[in-house]
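For reference, the structure discussed in these notes is given below.
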Amino acid sequence: MIARKYLYLLALARERHFGRAAESCHVSPSTLSAAIRDLEGELGVALVVRGQRFAGLTAEGECVVAHAKRVAAGADDLRHELGMLRDGLRGPLRIGVIPTALPVVASLTNAFADAHPAVAIEVHSASTQAILTQLRNFELEAGVVYSHSADAADLHYLPLWREQLVFVTSACGAVADDRLEWTAAARQPLCLLSRDMQNRQTIDRVFESLECTPHVGLETNSILSLLAHVRTGRWSTILPRSVLGLVGAPEELRVLPLVKPSVAWETGLVTLKREPGSPLVDALLAAAGTLSPVFGKSE
């Protein structure tokens with residue numbers, strides 16, 4: 001459904017190395033190189049910057065790769081649709097999820113698996129930027145991100161959950177209040193997610209709006225690491241309430257609402273706008289639609 005020479009070019013664009021690209025296609029490097037030269041002759045343009053080793057794609061090569069990705073994705077969609085007519089929908093279904101949404105995404109995948117048990121679901125934890133890049137490269141079928149990250153014209157967004165940020169501290173910690181103002185939270189020893197993550201950027205914006213500097217003694221890109229450090233009693237953290245599903249015994253921690261201001265955000269399912277649509281994506285959107293009434297008031 002897509003000429004093999006285009007698949008070879010896609011492999012080269014992905015691997016950035018003739019030998020690895022040939023190995024991924026189960027052909028010799030000479031076969032792959034000859035096929036790409038043949039494609040260049042057919043199109044009348046140079047696709048690859050050639051030297052002693054792979055030096056990149058030309059502007060024309062990048063253009064051809066972008067089109068080939070769309071054609072390859074369309075071919076996959078056709079196979080899925082034909083397979084669905086024959087014996088039901090099959091996968092794989094690849095979903096990229098921001099770390100703070102990992103605890104709740106199981107509700108989505110469970111609803112989808114109930115309807116389509118033959119599909120193999122892959123859930124990958126990644127940053128928002130990585131998810132959007134992989135989505136546009138057709139390396140993911142869908143992503144779960146914050147709403148403000150999914151407003152580009154080529155994206156479709158379906159809201160799923162609305163969450164509130166809370167202050168999480170050790171049960172044996174010094175904070176005695178039942179709720180905590182952000183200005184007071186800034187004075188506590190904090191461990192937070194790293195600055196490249198949307199969760200942290202939101203928290204930093206709140207502190208900046210209050211003109212206070214938080215006392216951040218530790219940063220990590222792992223939510224499990226955050227919770228482990230909070231359990232030591234030395235640090236506290238700020239996270240969406242649903243993340244606490246990752247914690248073991250709840251009596252080890254105290255969860256305090258953060259006020260003045262009360263900060264909530266919306267998380268949802270993002271997919272590429274495509275015509276015709278992908279059967280896998282359409283089925284996932286249908287499953288996600290059944291969750292919206294349940295999780296719309298999660299805070």
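The way I read the labels, and the way they are meant: chains A, B, ... in the order of the structure tokens, residue 1 as the first residue of every chain, and ligand 1 as the first ligand shown, with later ones counted on from there.
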Point to revise | strand (DSSP E) residues, from DSSP on the backbone, in range 63-230 of chain A, as a VMD selection string | key: chain A and resid 93 to 97 121 to 125 142 to 146 155 to 170 180 to 181 190 to 193 216 to 220
Prev. selection, N, CA and C atoms, output as a compact mmCIF listing (two decimals), in the first residue's frame:
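Final file, selection21.txt:
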# COMPACT_ATOMS: atom_id res chain seq x y z
N LEU A 93 -2.26 0.28 20.01
CA LEU A 93 -2.70 1.65 20.29
C LEU A 93 -1.66 2.28 21.22
N ARG A 94 -1.00 3.33 20.73
CA ARG A 94 0.09 3.97 21.48
C ARG A 94 -0.37 5.32 22.04
N ILE A 95 -0.29 5.48 23.35
CA ILE A 95 -0.75 6.70 24.01
C ILE A 95 0.40 7.29 24.83
N GLY A 96 0.71 8.56 24.59
CA GLY A 96 1.70 9.27 25.39
C GLY A 96 0.99 10.02 26.51
N VAL A 97 1.50 9.93 27.73
CA VAL A 97 0.82 10.51 28.89
C VAL A 97 1.81 11.33 29.72
N ILE A 121 -2.50 -2.24 24.01
CA ILE A 121 -2.35 -0.84 24.39
C ILE A 121 -0.95 -0.61 24.95
N GLU A 122 -0.31 0.46 24.46
CA GLU A 122 1.01 0.86 24.96
C GLU A 122 0.88 2.25 25.57
N VAL A 123 1.22 2.40 26.84
CA VAL A 123 1.18 3.70 27.52
C VAL A 123 2.62 4.14 27.79
N HIS A 124 2.98 5.31 27.27
CA HIS A 124 4.34 5.83 27.42
C HIS A 124 4.29 7.13 28.22
N SER A 125 5.09 7.23 29.27
CA SER A 125 5.21 8.47 30.03
C SER A 125 6.19 9.39 29.32
N ALA A 142 -2.40 8.90 20.22
CA ALA A 142 -3.05 9.90 21.07
C ALA A 142 -2.12 10.28 22.20
N GLY A 143 -2.46 11.40 22.86
CA GLY A 143 -1.71 11.85 24.02
C GLY A 143 -2.67 12.35 25.09
N VAL A 144 -2.21 12.37 26.32
CA VAL A 144 -2.97 12.96 27.43
C VAL A 144 -2.13 14.11 27.96
N VAL A 145 -2.63 15.35 27.81
CA VAL A 145 -1.88 16.55 28.17
C VAL A 145 -2.81 17.56 28.82
N TYR A 146 -2.23 18.66 29.29
CA TYR A 146 -3.04 19.76 29.82
C TYR A 146 -3.72 20.50 28.67
N LEU A 155 -4.67 19.98 15.97
CA LEU A 155 -4.95 19.04 17.05
C LEU A 155 -6.43 19.04 17.41
N HIS A 156 -6.91 17.87 17.81
CA HIS A 156 -8.26 17.74 18.36
C HIS A 156 -8.12 17.43 19.85
N TYR A 157 -8.89 18.13 20.68
CA TYR A 157 -8.76 17.97 22.13
C TYR A 157 -10.11 17.61 22.75
N LEU A 158 -10.13 16.60 23.61
CA LEU A 158 -11.33 16.19 24.32
C LEU A 158 -11.05 16.25 25.82
N PRO A 159 -11.71 17.13 26.57
CA PRO A 159 -11.45 17.21 28.02
C PRO A 159 -11.87 15.94 28.73
N LEU A 160 -11.06 15.54 29.72
CA LEU A 160 -11.35 14.33 30.49
C LEU A 160 -11.48 14.61 31.98
N TRP A 161 -10.46 15.24 32.58
CA TRP A 161 -10.43 15.41 34.02
C TRP A 161 -10.10 16.85 34.38
N ARG A 162 -10.67 17.30 35.47
CA ARG A 162 -10.31 18.61 36.02
C ARG A 162 -9.78 18.38 37.43
N GLU A 163 -8.55 18.84 37.67
CA GLU A 163 -7.85 18.50 38.90
C GLU A 163 -7.45 19.73 39.69
N GLN A 164 -7.30 19.54 40.99
CA GLN A 164 -6.89 20.62 41.88
C GLN A 164 -5.51 20.32 42.44
N LEU A 165 -4.67 21.34 42.50
CA LEU A 165 -3.36 21.19 43.12
C LEU A 165 -3.51 21.18 44.63
N VAL A 166 -2.76 20.28 45.29
CA VAL A 166 -2.80 20.16 46.75
C VAL A 166 -1.37 20.14 47.29
N PHE A 167 -1.26 20.45 48.57
CA PHE A 167 0.02 20.42 49.27
C PHE A 167 0.13 19.08 49.98
N VAL A 168 1.19 18.33 49.70
CA VAL A 168 1.38 16.99 50.26
C VAL A 168 2.59 17.02 51.19
N THR A 169 2.39 16.61 52.42
CA THR A 169 3.46 16.64 53.40
C THR A 169 3.41 15.38 54.26
N SER A 170 4.45 15.15 55.00
CA SER A 170 4.50 13.99 55.88
C SER A 170 3.52 14.16 57.04
N LEU A 180 -3.70 25.36 53.38
CA LEU A 180 -2.47 26.15 53.37
C LEU A 180 -2.55 27.18 52.24
N GLU A 181 -2.18 28.41 52.57
CA GLU A 181 -2.08 29.43 51.53
C GLU A 181 -0.76 29.23 50.76
N LEU A 190 10.53 22.42 50.00
CA LEU A 190 9.78 21.75 48.94
C LEU A 190 10.67 20.88 48.06
N CYS A 191 10.11 19.80 47.61
CA CYS A 191 10.68 19.05 46.48
C CYS A 191 9.62 19.09 45.37
N LEU A 192 10.04 19.48 44.17
CA LEU A 192 9.11 19.68 43.07
C LEU A 192 9.61 18.99 41.82
N LEU A 193 8.71 18.79 40.87
CA LEU A 193 9.10 18.27 39.57
C LEU A 193 10.04 19.26 38.89
N VAL A 216 12.82 25.68 47.35
CA VAL A 216 12.89 24.38 46.66
C VAL A 216 14.26 23.77 46.92
N GLY A 217 14.28 22.69 47.69
CA GLY A 217 15.55 22.06 48.03
C GLY A 217 15.89 20.85 47.19
N LEU A 218 14.91 20.37 46.40
CA LEU A 218 15.16 19.16 45.60
C LEU A 218 14.23 19.19 44.39
N GLU A 219 14.76 18.80 43.24
CA GLU A 219 13.98 18.67 42.01
C GLU A 219 14.20 17.28 41.42
N THR A 220 13.15 16.74 40.78
CA THR A 220 13.26 15.43 40.15
C THR A 220 12.23 15.36 39.03
Exercise for review: Measuring atom to atom with only C-alpha atoms, identify which of A:Leu9, A:Ala34, A:Phe112, A:Pro261 is nearest to Gly289 in chain A.
Suggested key: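 The shortest atom-to-atom distance to Gly289 in chain A comes from A:Phe112.
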Exercise for review: Skip Pro117 in chain A itself and residues of its chain fewer than 3 positions away, then list as number ranges by chain all residues within 9 Å of it, counting only C-alpha atoms.
Suggested key: A: 89-90, 112-114, 120
Keeping only C-alpha atoms, write those residues as a PDB file, in the first residue's frame.
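Saved file again-v5.pdb follows:
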ATOM      1  CA  LEU A  89     -10.316  -3.846  15.941  1.00  0.00           C
ATOM      2  CA  ARG A  90      -6.669  -4.673  16.614  1.00  0.00           C
ATOM      3  CA  PHE A 112     -11.157   1.110  25.801  1.00  0.00           C
ATOM      4  CA  ALA A 113     -10.019  -2.468  26.570  1.00  0.00           C
ATOM      5  CA  ASP A 114     -13.567  -3.434  27.579  1.00  0.00           C
ATOM      6  CA  ALA A 120      -2.588  -4.121  22.461  1.00  0.00           C
TER       7      ALA A 120
END
Exercise for review: Mind checking which residues fall within 12 Å of Ile98 in chain A, counting only C-alpha atoms, ignoring those fewer than 6 positions away in the same chain, and posting them as a ChimeraX atom specification?
Suggested key: /A:104-105,123-132,142-147,149,196-199,221-223,243,267-270
Identify, with DSSP run on backbone atoms, the residues in range 23-175 of chain A assigned to helix (DSSP H, G or I), and express the list as a compact mmCIF listing (two decimals) with C-alpha atoms, in the first residue's frame.
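Below is the file part_4.txt, written as the result:
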# COMPACT_ATOMS: atom_id res chain seq x y z
CA GLU A 23 18.86 -3.54 9.70
CA SER A 24 15.43 -2.29 10.81
CA CYS A 25 14.11 -3.04 7.29
CA PRO A 29 22.76 -1.23 3.37
CA SER A 30 23.48 -1.40 -0.36
CA THR A 31 19.87 -2.44 -1.08
CA LEU A 32 18.51 0.41 1.02
CA SER A 33 20.88 2.95 -0.51
CA ALA A 34 20.04 1.81 -4.05
CA ALA A 35 16.31 2.07 -3.37
CA ILE A 36 16.68 5.64 -2.08
CA ARG A 37 18.79 6.59 -5.11
CA ASP A 38 16.05 5.12 -7.29
CA LEU A 39 13.48 7.23 -5.43
CA GLU A 40 15.62 10.33 -5.97
CA GLY A 41 15.74 9.57 -9.69
CA GLU A 42 11.99 9.06 -9.78
CA LEU A 43 11.29 12.37 -8.01
CA ALA A 59 14.89 20.19 2.44
CA GLU A 60 13.26 18.15 -0.33
CA GLY A 61 13.98 14.99 1.65
CA GLU A 62 12.26 16.40 4.75
CA CYS A 63 9.25 17.29 2.61
CA VAL A 64 9.04 13.79 1.12
CA VAL A 65 9.41 12.20 4.57
CA ALA A 66 6.54 14.31 5.95
CA HIS A 67 4.26 13.16 3.11
CA ALA A 68 5.45 9.55 3.41
CA LYS A 69 4.60 9.54 7.14
CA ARG A 70 1.03 10.57 6.34
CA VAL A 71 0.74 7.92 3.63
CA ALA A 72 2.16 5.22 5.93
CA ALA A 73 -0.25 6.24 8.69
CA GLY A 74 -3.13 6.08 6.21
CA ALA A 75 -2.05 2.60 5.14
CA ASP A 76 -2.08 1.50 8.79
CA ASP A 77 -5.56 2.98 9.17
CA LEU A 78 -6.77 1.03 6.15
CA ARG A 79 -5.36 -2.22 7.55
CA HIS A 80 -7.05 -1.55 10.89
CA GLU A 81 -10.38 -0.81 9.23
CA LEU A 82 -10.24 -3.92 7.03
CA GLY A 83 -9.25 -6.00 10.05
CA MET A 84 -12.12 -4.53 12.07
CA LEU A 85 -14.59 -5.58 9.37
CA ARG A 86 -13.13 -9.08 9.43
CA ASP A 87 -12.55 -9.89 13.11
CA PRO A 99 3.52 11.95 34.31
CA THR A 100 0.92 13.68 36.49
CA ALA A 101 -1.91 12.02 34.51
CA LEU A 102 -0.55 8.47 34.78
CA PRO A 103 -2.61 7.58 37.90
CA VAL A 104 -5.93 8.35 36.20
CA VAL A 105 -5.25 7.22 32.63
CA ALA A 106 -6.00 3.61 33.63
CA SER A 107 -9.68 4.56 33.68
CA LEU A 108 -9.43 5.47 29.99
CA THR A 109 -7.44 2.41 28.93
CA ASN A 110 -9.76 0.14 30.93
CA ALA A 111 -12.84 1.54 29.18
CA PHE A 112 -11.16 1.11 25.80
CA ALA A 113 -10.02 -2.47 26.57
CA ASP A 114 -13.57 -3.43 27.58
CA ALA A 115 -14.78 -2.45 24.12
CA THR A 128 4.15 17.41 26.69
CA GLN A 129 6.55 18.48 23.93
CA ALA A 130 7.68 14.91 23.30
CA ILE A 131 4.06 13.75 23.11
CA LEU A 132 3.08 16.42 20.58
CA THR A 133 6.18 15.76 18.46
CA GLN A 134 5.58 11.99 18.40
CA LEU A 135 1.91 12.57 17.65
CA ARG A 136 2.75 14.69 14.61
CA SER A 147 -5.68 21.68 27.91
CA HIS A 148 -3.55 24.77 27.29
CA SER A 149 -0.98 22.62 25.47
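The space between CA of Asp177 in chain A and CA of Arg195 in chain A spans 28.1 Å.
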Point to revise | Counting only C-alpha atoms, the option among A:Asp151, A:Glu251, A:Asp204, A:Glu15 closest to Ala171 in chain A | key: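 Distance minimum relative to Ala171 in chain A lands on A:Glu251.
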Quick one: everything within 12 Å of Thr213 in chain A, counting only C-alpha atoms, minus sequence neighbours fewer than 4 positions away in the same chain. Send it as a PDB file with C-alpha atoms, in the first residue's frame.
ATOM      1  CA  TRP A 182       0.428  29.482  48.668  1.00  0.00           C
ATOM      2  CA  THR A 183       2.525  32.113  50.399  1.00  0.00           C
ATOM      3  CA  ALA A 184       2.873  29.807  53.412  1.00  0.00           C
ATOM      4  CA  ALA A 185       3.683  26.859  51.144  1.00  0.00           C
ATOM      5  CA  ALA A 186       6.552  28.879  49.647  1.00  0.00           C
ATOM      6  CA  ARG A 187       8.212  28.972  53.079  1.00  0.00           C
ATOM      7  CA  GLN A 188       8.151  25.181  53.497  1.00  0.00           C
ATOM      8  CA  PRO A 189      11.074  22.991  52.315  1.00  0.00           C
ATOM      9  CA  LEU A 190       9.781  21.754  48.941  1.00  0.00           C
ATOM     10  CA  ILE A 203       3.397  26.094  40.120  1.00  0.00           C
ATOM     11  CA  ASP A 204       6.148  28.613  39.319  1.00  0.00           C
ATOM     12  CA  ARG A 205       3.636  30.936  37.649  1.00  0.00           C
ATOM     13  CA  VAL A 206       1.448  30.914  40.765  1.00  0.00           C
ATOM     14  CA  PHE A 207       4.382  31.803  43.023  1.00  0.00           C
ATOM     15  CA  GLU A 208       5.495  34.532  40.598  1.00  0.00           C
ATOM     16  CA  SER A 209       1.986  36.030  40.574  1.00  0.00           C
TER      17      SER A 209
END
